[in-house]
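Next comes model_36.txt, with compact mmCIF, C-alpha atoms.
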```txt
# COMPACT_ATOMS: atom_id res chain seq x y z
CA GLN A 179 -32.59 41.50 -38.79
CA ARG A 180 -31.75 45.14 -38.57
CA ILE A 181 -32.60 48.27 -40.46
CA THR A 182 -29.74 49.70 -42.48
CA ALA A 183 -29.36 53.32 -43.56
CA THR A 184 -29.88 52.31 -47.19
CA ARG A 185 -33.07 50.40 -46.36
CA LEU A 186 -34.46 53.26 -44.26
CA HIS A 187 -33.61 55.77 -47.02
CA ARG A 188 -35.48 53.66 -49.59
CA GLN A 189 -38.50 53.33 -47.26
CA LEU A 190 -38.61 57.09 -46.57
CA ARG A 191 -38.42 57.84 -50.33
CA GLU A 192 -41.25 55.33 -51.01
CA ASP A 193 -43.34 57.05 -48.30
CA GLY A 194 -42.90 60.40 -50.08
CA TYR A 195 -40.22 62.07 -47.96
CA ALA A 196 -37.59 64.09 -49.83
CA VAL A 197 -34.52 63.02 -47.89
CA GLY A 198 -30.98 62.31 -49.07
CA ILE A 199 -28.96 59.19 -48.28
CA THR A 200 -26.28 61.33 -46.60
CA THR A 201 -28.82 62.70 -44.10
CA VAL A 202 -29.96 59.19 -43.21
CA LYS A 203 -26.39 57.88 -42.88
CA ASP A 204 -25.44 60.87 -40.71
CA TYR A 205 -28.43 60.09 -38.47
CA PHE A 206 -27.33 56.44 -38.09
CA ARG A 207 -23.71 57.46 -37.44
CA GLU A 208 -24.75 59.92 -34.70
CA LYS A 209 -27.11 57.38 -33.12
CA LYS A 210 -24.30 54.78 -33.00
CA ARG A 211 -21.85 57.33 -31.57
CA ARG A 212 -24.23 58.25 -28.73
CA LYS A 213 -24.79 54.57 -27.82
CA ALA A 214 -21.09 53.74 -27.72
CA GLU A 215 -19.36 53.45 -24.34
CA VAL A 216 -16.75 56.15 -23.93
CA TYR A 217 -13.14 55.18 -23.28
CA ILE A 218 -10.66 57.78 -22.15
CA PRO A 219 -6.97 57.23 -22.86
CA LEU A 220 -5.28 56.94 -19.49
CA THR A 221 -2.01 58.52 -18.54
CA TYR A 222 -0.45 58.29 -15.11
CA ARG A 223 2.01 60.29 -13.04
CA PRO A 224 4.68 58.66 -10.87
CA GLY A 225 3.21 57.20 -7.68
CA GLU A 226 -0.33 58.13 -8.64
CA VAL A 227 -2.11 54.80 -9.28
CA ALA A 228 -1.56 51.15 -8.47
CA GLN A 229 -3.90 48.31 -9.37
CA ILE A 230 -4.19 45.32 -7.05
CA ASP A 231 -5.50 41.78 -7.45
CA PHE A 232 -5.20 38.20 -6.20
CA PHE A 233 -4.72 35.30 -8.61
CA GLU A 234 -4.80 31.55 -8.11
CA ALA A 235 -1.52 29.76 -8.78
CA THR A 236 -0.20 26.22 -8.47
CA ILE A 237 3.09 25.40 -6.76
CA GLU A 238 4.91 22.28 -5.61
CA GLU A 239 5.84 22.56 -1.94
CA ALA A 240 7.93 19.75 -0.41
CA GLY A 241 6.89 17.41 -3.24
CA GLN A 242 3.14 18.17 -2.90
CA GLN A 243 1.30 20.15 -5.54
CA LYS A 244 -1.08 22.73 -4.08
CA LYS A 245 -3.06 25.86 -4.88
CA VAL A 246 -1.84 29.19 -3.50
CA TRP A 247 -2.82 32.82 -3.98
CA LYS A 248 -0.60 35.32 -5.75
CA PHE A 249 -0.96 38.94 -4.59
CA LEU A 250 0.01 41.43 -7.29
CA LEU A 251 0.42 45.20 -7.00
CA HIS A 252 1.08 46.85 -10.38
CA LEU A 253 2.19 50.51 -10.53
CA MET A 254 0.61 52.00 -13.63
CA TYR A 255 3.27 54.64 -14.40
CA SER A 256 6.46 52.63 -14.05
CA GLY A 257 5.11 49.12 -14.53
CA TYR A 258 6.82 48.08 -11.27
CA GLU A 259 5.23 45.00 -9.73
CA TYR A 260 5.21 43.55 -6.27
CA ILE A 261 4.26 39.88 -5.91
CA TRP A 262 3.86 37.70 -2.83
CA LEU A 263 2.41 34.19 -2.48
CA TYR A 264 -0.09 33.22 0.23
CA GLU A 265 -1.65 29.95 1.29
CA ARG A 266 -5.04 31.61 1.75
CA CYS A 267 -6.92 34.50 0.19
CA ASP A 268 -8.24 35.91 3.45
CA GLN A 269 -8.30 39.33 5.05
CA LEU A 270 -5.11 38.76 7.06
CA SER A 271 -3.21 37.81 3.89
CA PHE A 272 -4.70 40.77 2.02
CA LEU A 273 -3.72 43.31 4.68
CA ASP A 274 -0.28 41.71 5.12
CA ALA A 275 0.30 41.93 1.37
CA LEU A 276 -0.55 45.63 1.32
CA VAL A 277 1.87 46.37 4.18
CA ARG A 278 4.64 44.27 2.55
CA ALA A 279 4.09 46.05 -0.78
CA PHE A 280 4.25 49.52 0.83
CA ASN A 281 7.47 48.55 2.63
CA ALA A 282 9.00 47.22 -0.61
CA LEU A 283 7.98 50.39 -2.47
CA GLU A 284 9.20 52.57 0.39
CA GLY A 285 6.07 54.62 -0.19
CA ILE A 286 2.35 54.48 -0.84
CA PRO A 287 0.65 55.19 -4.18
CA GLN A 288 -1.94 57.98 -3.95
CA ARG A 289 -4.73 55.78 -5.29
CA LEU A 290 -5.16 52.02 -5.24
CA VAL A 291 -7.69 50.30 -7.50
CA PHE A 292 -9.31 47.08 -6.24
CA ASP A 293 -12.05 44.68 -7.25
CA ASN A 294 -15.09 44.74 -4.98
CA LEU A 295 -13.54 41.98 -2.92
CA THR A 296 -15.27 41.00 0.32
CA LEU A 297 -11.96 41.41 2.14
CA ALA A 298 -12.37 45.19 1.70
CA VAL A 299 -16.04 45.81 0.85
CA ARG A 300 -18.90 44.60 3.05
CA ARG A 301 -21.58 45.73 0.60
CA ILE A 302 -22.19 48.07 -2.31
CA ILE A 303 -24.88 50.70 -1.78
CA GLY A 304 -25.51 52.50 -5.07
CA SER A 305 -22.11 53.85 -6.07
CA LYS A 306 -20.81 53.87 -2.46
CA ARG A 307 -18.84 51.10 -0.77
CA ASP A 308 -19.36 50.07 2.86
CA LEU A 309 -15.80 49.08 3.83
CA THR A 310 -14.82 46.41 6.33
CA PRO A 311 -13.47 47.85 9.61
CA ALA A 312 -9.97 46.37 9.10
CA PHE A 313 -9.67 47.74 5.56
CA LYS A 314 -11.02 51.12 6.67
CA ALA A 315 -8.30 51.17 9.36
CA ILE A 316 -5.48 50.45 6.89
CA VAL A 317 -6.79 53.11 4.48
CA SER A 318 -6.84 55.73 7.25
CA HIS A 319 -3.41 54.65 8.56
CA TYR A 320 -1.61 54.73 5.18
CA LEU A 321 -3.73 57.58 3.76
CA PHE A 322 -4.38 56.29 0.25
CA GLU A 323 -7.52 56.65 -1.83
CA ALA A 324 -9.24 53.29 -2.24
CA CYS A 325 -11.01 53.02 -5.61
CA PHE A 326 -13.16 50.10 -6.67
CA THR A 327 -14.10 48.79 -10.09
CA ARG A 328 -17.62 48.70 -11.43
CA PRO A 329 -19.28 45.35 -10.69
CA GLY A 330 -18.97 43.00 -13.67
CA GLU A 331 -16.51 45.20 -15.58
CA GLY A 332 -13.32 43.22 -16.07
CA HIS A 333 -11.56 45.89 -18.12
CA ASP A 334 -11.55 48.51 -15.32
CA LYS A 335 -8.28 47.00 -13.99
CA GLY A 336 -6.80 45.90 -17.28
CA GLY A 337 -3.20 46.66 -16.29
CA VAL A 338 -3.06 44.26 -13.35
CA GLU A 339 -5.30 41.65 -14.99
CA SER A 340 -3.08 41.28 -18.05
CA ARG A 341 0.13 41.31 -15.98
CA GLY A 342 -1.25 38.64 -13.63
CA LYS A 343 -1.83 36.31 -16.57
CA ASN A 344 1.55 37.10 -18.14
CA ILE A 345 3.41 36.53 -14.86
CA ARG A 346 1.78 33.11 -14.57
CA LEU A 347 2.99 32.21 -18.07
CA GLN A 348 6.47 33.74 -17.70
CA HIS A 349 7.40 32.74 -14.16
CA MET A 350 5.08 29.96 -13.05
CA VAL A 351 5.51 27.56 -15.96
CA PRO A 352 6.81 25.01 -15.22
CA ILE A 353 5.26 24.85 -11.75
CA PRO A 354 7.63 26.45 -9.19
CA ARG A 355 9.11 24.00 -6.68
CA GLY A 356 10.61 24.45 -3.25
CA ASP A 357 10.68 23.23 0.33
CA ASN A 358 8.38 26.00 1.57
CA LEU A 359 6.32 28.93 0.33
CA THR A 360 8.92 31.52 1.38
CA GLU A 361 11.62 29.74 -0.65
CA ILE A 362 9.36 29.60 -3.71
```
Represent the structure contained in this file as structure tokens.
Amino acid sequence: QRITATRLHRQLREDGYAVGITTVKDYFREKKRRKAEVYIPLTYRPGEVAQIDFFEATIEEAGQQKKVWKFLLHLMYSGYEYIWLYERCDQLSFLDALVRAFNALEGIPQRLVFDNLTLAVRRIIGSKRDLTPAFKAIVSHYLFEACFTRPGEGHDKGGVESRGKNIRLQHMVPIPRGDNLTEI
């Protein structure tokens, strides 16, 4: 059960307070506004932000169905996407995917947004990230700003998350087939 503005107004009047319903409703409205999480409409400039993620996918390679990992880089301004399939979701695949994406783009976005994946982050200390040596090396070589989402907040990378699901539905149904992963 919860207290409504009307119920609180009635209780205050019964207790002898001379207060109007508008005052009570304004109080409730302000209290609700202060509790609400703030969302800022996002706009992007060309080459400013890319969101990155790995997704599981199923393929049929040489007649055998197997699970692979789909790397997806999604540029937030243009909507351009770079996708590459990997047999494993390990650090070598992750770093290879970044280099392939930068080569395909013929440039590097200023800021890349990642999950707190163990391939890049050894541990989270407060709001700081302790990066793995290999990821730290690629960041310093390509000179991009690595940004990470808040733990447990799925909507921080909404652009790449929704595109990853849509790509699976648009391009991976029915299950892609081929003789090898490169062909697929």
Within 10 Å of (6.3, 38.7, -3.9), all atoms listed in the file: residues as an MDAnalysis selection string? chainID A and resid 248:251 259:264 275 278:279 282 360 362
How close does each residue of stretch 211-239 of chain A get to stretch 289-312 of chain A, giving the shortest atom pair and distance in Å to one decimal for every residue with an atom at most 10 Å away, counting only C-alpha atoms, sorted by chain and residue number, as a Markdown table?
```
| residue | atom | partner | partner_atom | distance |
| --- | --- | --- | --- | --- |
| A:Gly225 | CA | A:Arg289 | CA | 8.4 |
| A:Glu226 | CA | A:Arg289 | CA | 6.0 |
| A:Val227 | CA | A:Arg289 | CA | 4.9 |
| A:Ala228 | CA | A:Leu290 | CA | 4.9 |
| A:Gln229 | CA | A:Val291 | CA | 4.7 |
| A:Ile230 | CA | A:Phe292 | CA | 5.5 |
| A:Asp231 | CA | A:Phe292 | CA | 6.6 |
| A:Phe232 | CA | A:Asp293 | CA | 9.5 |
```
With all atoms listed in the file as the basis for distance, which of A:Leu220, A:Ile181, A:Ala235, A:Leu321 is at the shortest distance from A:Ile345?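 Using all atoms listed in the file, A:Ile345 sits closest to A:Ala235.
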Which residues, written as a list in words, have at least one atom at most 7 Å from A:Glu238, with all atoms listed in the file counted and residues fewer than 4 positions away on the same chain left out?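 Listed by chain and then number, they are Gln242, Gln243, Lys244, Ile353, Pro354, Arg355 and Gly356 of chain A.
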Within 12 Å of (8.1, 52.7, -17.9) (file coordinates; all atoms listed in the file), which protein or nucleic acid residues are there? I'd like them as a list in words.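 Protein and nucleic acid residues near the point are Thr221, Tyr222, Arg223, Pro224, His252, Leu253, Met254, Tyr255, Ser256, Gly257, Tyr258 and Glu259 of chain A.
With atom CA of A:Phe272 on one side and atom CA of A:Trp247 on the other, the separation reads 10.1 Å.
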Quick one: of A:Pro287, A:Gly342, A:Gly194, A:Gly337, who's nearest to A:Ala324, counting all atoms listed in the file? A:Pro287
Go through A:Gln269, A:Thr236, A:Ser340, A:Thr327 one by one, measure the shortest atom-to-atom distance of each to A:Pro352 using all atoms listed in the file, and give the residue with the smallest value.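 Closest to A:Pro352, using all atoms listed in the file: A:Thr236.
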Find the residue from A:Arg212, A:Leu273, A:Thr200, A:Glu265 that sits nearest to A:Tyr320; use all atoms listed in the file when measuring.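 Among A:Arg212, A:Leu273, A:Thr200, A:Glu265, it is A:Leu273 that comes nearest to A:Tyr320.
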Atom pair atom CA of A:Leu347 / atom CA of A:Val246: separation (Å): 15.6 Å
What gap, in Å, lies between atom CA of A:Ile199 and atom CA of A:His187? 5.9 Å
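Among the candidates A:Ile237, A:Cys267, A:Ile316, A:Ala214, the residue lying nearest to A:Val351 is A:Ile237 (atoms considered: all atoms listed in the file).
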Nearest-residue call for A:Ser271, choices A:Glu323, A:Phe313, A:Ile286, A:Gln189, using all atoms listed in the file: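 Ranked by minimum distance to A:Ser271, first place goes to A:Phe313.
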How about completing stretch 234-249 of chain A with N, CA and C atoms and giving it to me as a PDB file, keeping the file's coordinate frame?
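Dumped everything to rebuild26.pdb:
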```
ATOM      1  N   GLU A 234      -5.119  32.919  -8.499  1.00  0.00           N
ATOM      2  CA  GLU A 234      -4.800  31.550  -8.110  1.00  0.00           C
ATOM      3  C   GLU A 234      -3.535  31.109  -8.839  1.00  0.00           C
ATOM      4  N   ALA A 235      -2.730  30.316  -8.160  1.00  0.00           N
ATOM      5  CA  ALA A 235      -1.520  29.760  -8.780  1.00  0.00           C
ATOM      6  C   ALA A 235      -1.287  28.372  -8.214  1.00  0.00           C
ATOM      7  N   THR A 236      -0.544  27.567  -8.922  1.00  0.00           N
ATOM      8  CA  THR A 236      -0.200  26.220  -8.470  1.00  0.00           C
ATOM      9  C   THR A 236       1.295  26.165  -8.226  1.00  0.00           C
ATOM     10  N   ILE A 237       1.673  25.577  -7.087  1.00  0.00           N
ATOM     11  CA  ILE A 237       3.090  25.400  -6.760  1.00  0.00           C
ATOM     12  C   ILE A 237       3.306  23.967  -6.291  1.00  0.00           C
ATOM     13  N   GLU A 238       4.564  23.578  -6.185  1.00  0.00           N
ATOM     14  CA  GLU A 238       4.910  22.280  -5.610  1.00  0.00           C
ATOM     15  C   GLU A 238       5.758  22.551  -4.378  1.00  0.00           C
ATOM     16  N   GLU A 239       5.173  22.301  -3.207  1.00  0.00           N
ATOM     17  CA  GLU A 239       5.840  22.560  -1.940  1.00  0.00           C
ATOM     18  C   GLU A 239       6.172  21.221  -1.275  1.00  0.00           C
ATOM     19  N   ALA A 240       7.460  20.986  -1.044  1.00  0.00           N
ATOM     20  CA  ALA A 240       7.930  19.750  -0.410  1.00  0.00           C
ATOM     21  C   ALA A 240       7.368  18.511  -1.125  1.00  0.00           C
ATOM     22  N   GLY A 241       7.342  18.551  -2.453  1.00  0.00           N
ATOM     23  CA  GLY A 241       6.890  17.410  -3.240  1.00  0.00           C
ATOM     24  C   GLY A 241       5.393  17.307  -3.424  1.00  0.00           C
ATOM     25  N   GLN A 242       4.609  18.189  -2.787  1.00  0.00           N
ATOM     26  CA  GLN A 242       3.140  18.170  -2.900  1.00  0.00           C
ATOM     27  C   GLN A 242       2.680  19.368  -3.734  1.00  0.00           C
ATOM     28  N   GLN A 243       1.863  19.078  -4.733  1.00  0.00           N
ATOM     29  CA  GLN A 243       1.300  20.150  -5.540  1.00  0.00           C
ATOM     30  C   GLN A 243       0.111  20.757  -4.802  1.00  0.00           C
ATOM     31  N   LYS A 244       0.051  22.091  -4.746  1.00  0.00           N
ATOM     32  CA  LYS A 244      -1.080  22.730  -4.080  1.00  0.00           C
ATOM     33  C   LYS A 244      -1.383  24.090  -4.679  1.00  0.00           C
ATOM     34  N   LYS A 245      -2.598  24.563  -4.388  1.00  0.00           N
ATOM     35  CA  LYS A 245      -3.060  25.860  -4.880  1.00  0.00           C
ATOM     36  C   LYS A 245      -2.676  26.927  -3.854  1.00  0.00           C
ATOM     37  N   VAL A 246      -2.150  28.045  -4.340  1.00  0.00           N
ATOM     38  CA  VAL A 246      -1.840  29.190  -3.500  1.00  0.00           C
ATOM     39  C   VAL A 246      -2.439  30.440  -4.160  1.00  0.00           C
ATOM     40  N   TRP A 247      -2.302  31.559  -3.464  1.00  0.00           N
ATOM     41  CA  TRP A 247      -2.820  32.820  -3.980  1.00  0.00           C
ATOM     42  C   TRP A 247      -1.660  33.780  -4.198  1.00  0.00           C
ATOM     43  N   LYS A 248      -1.642  34.379  -5.370  1.00  0.00           N
ATOM     44  CA  LYS A 248      -0.600  35.320  -5.750  1.00  0.00           C
ATOM     45  C   LYS A 248      -1.162  36.737  -5.630  1.00  0.00           C
ATOM     46  N   PHE A 249      -0.608  37.530  -4.715  1.00  0.00           N
ATOM     47  CA  PHE A 249      -0.960  38.940  -4.590  1.00  0.00           C
ATOM     48  C   PHE A 249      -0.106  39.709  -5.585  1.00  0.00           C
TER      49      PHE A 249
END
```
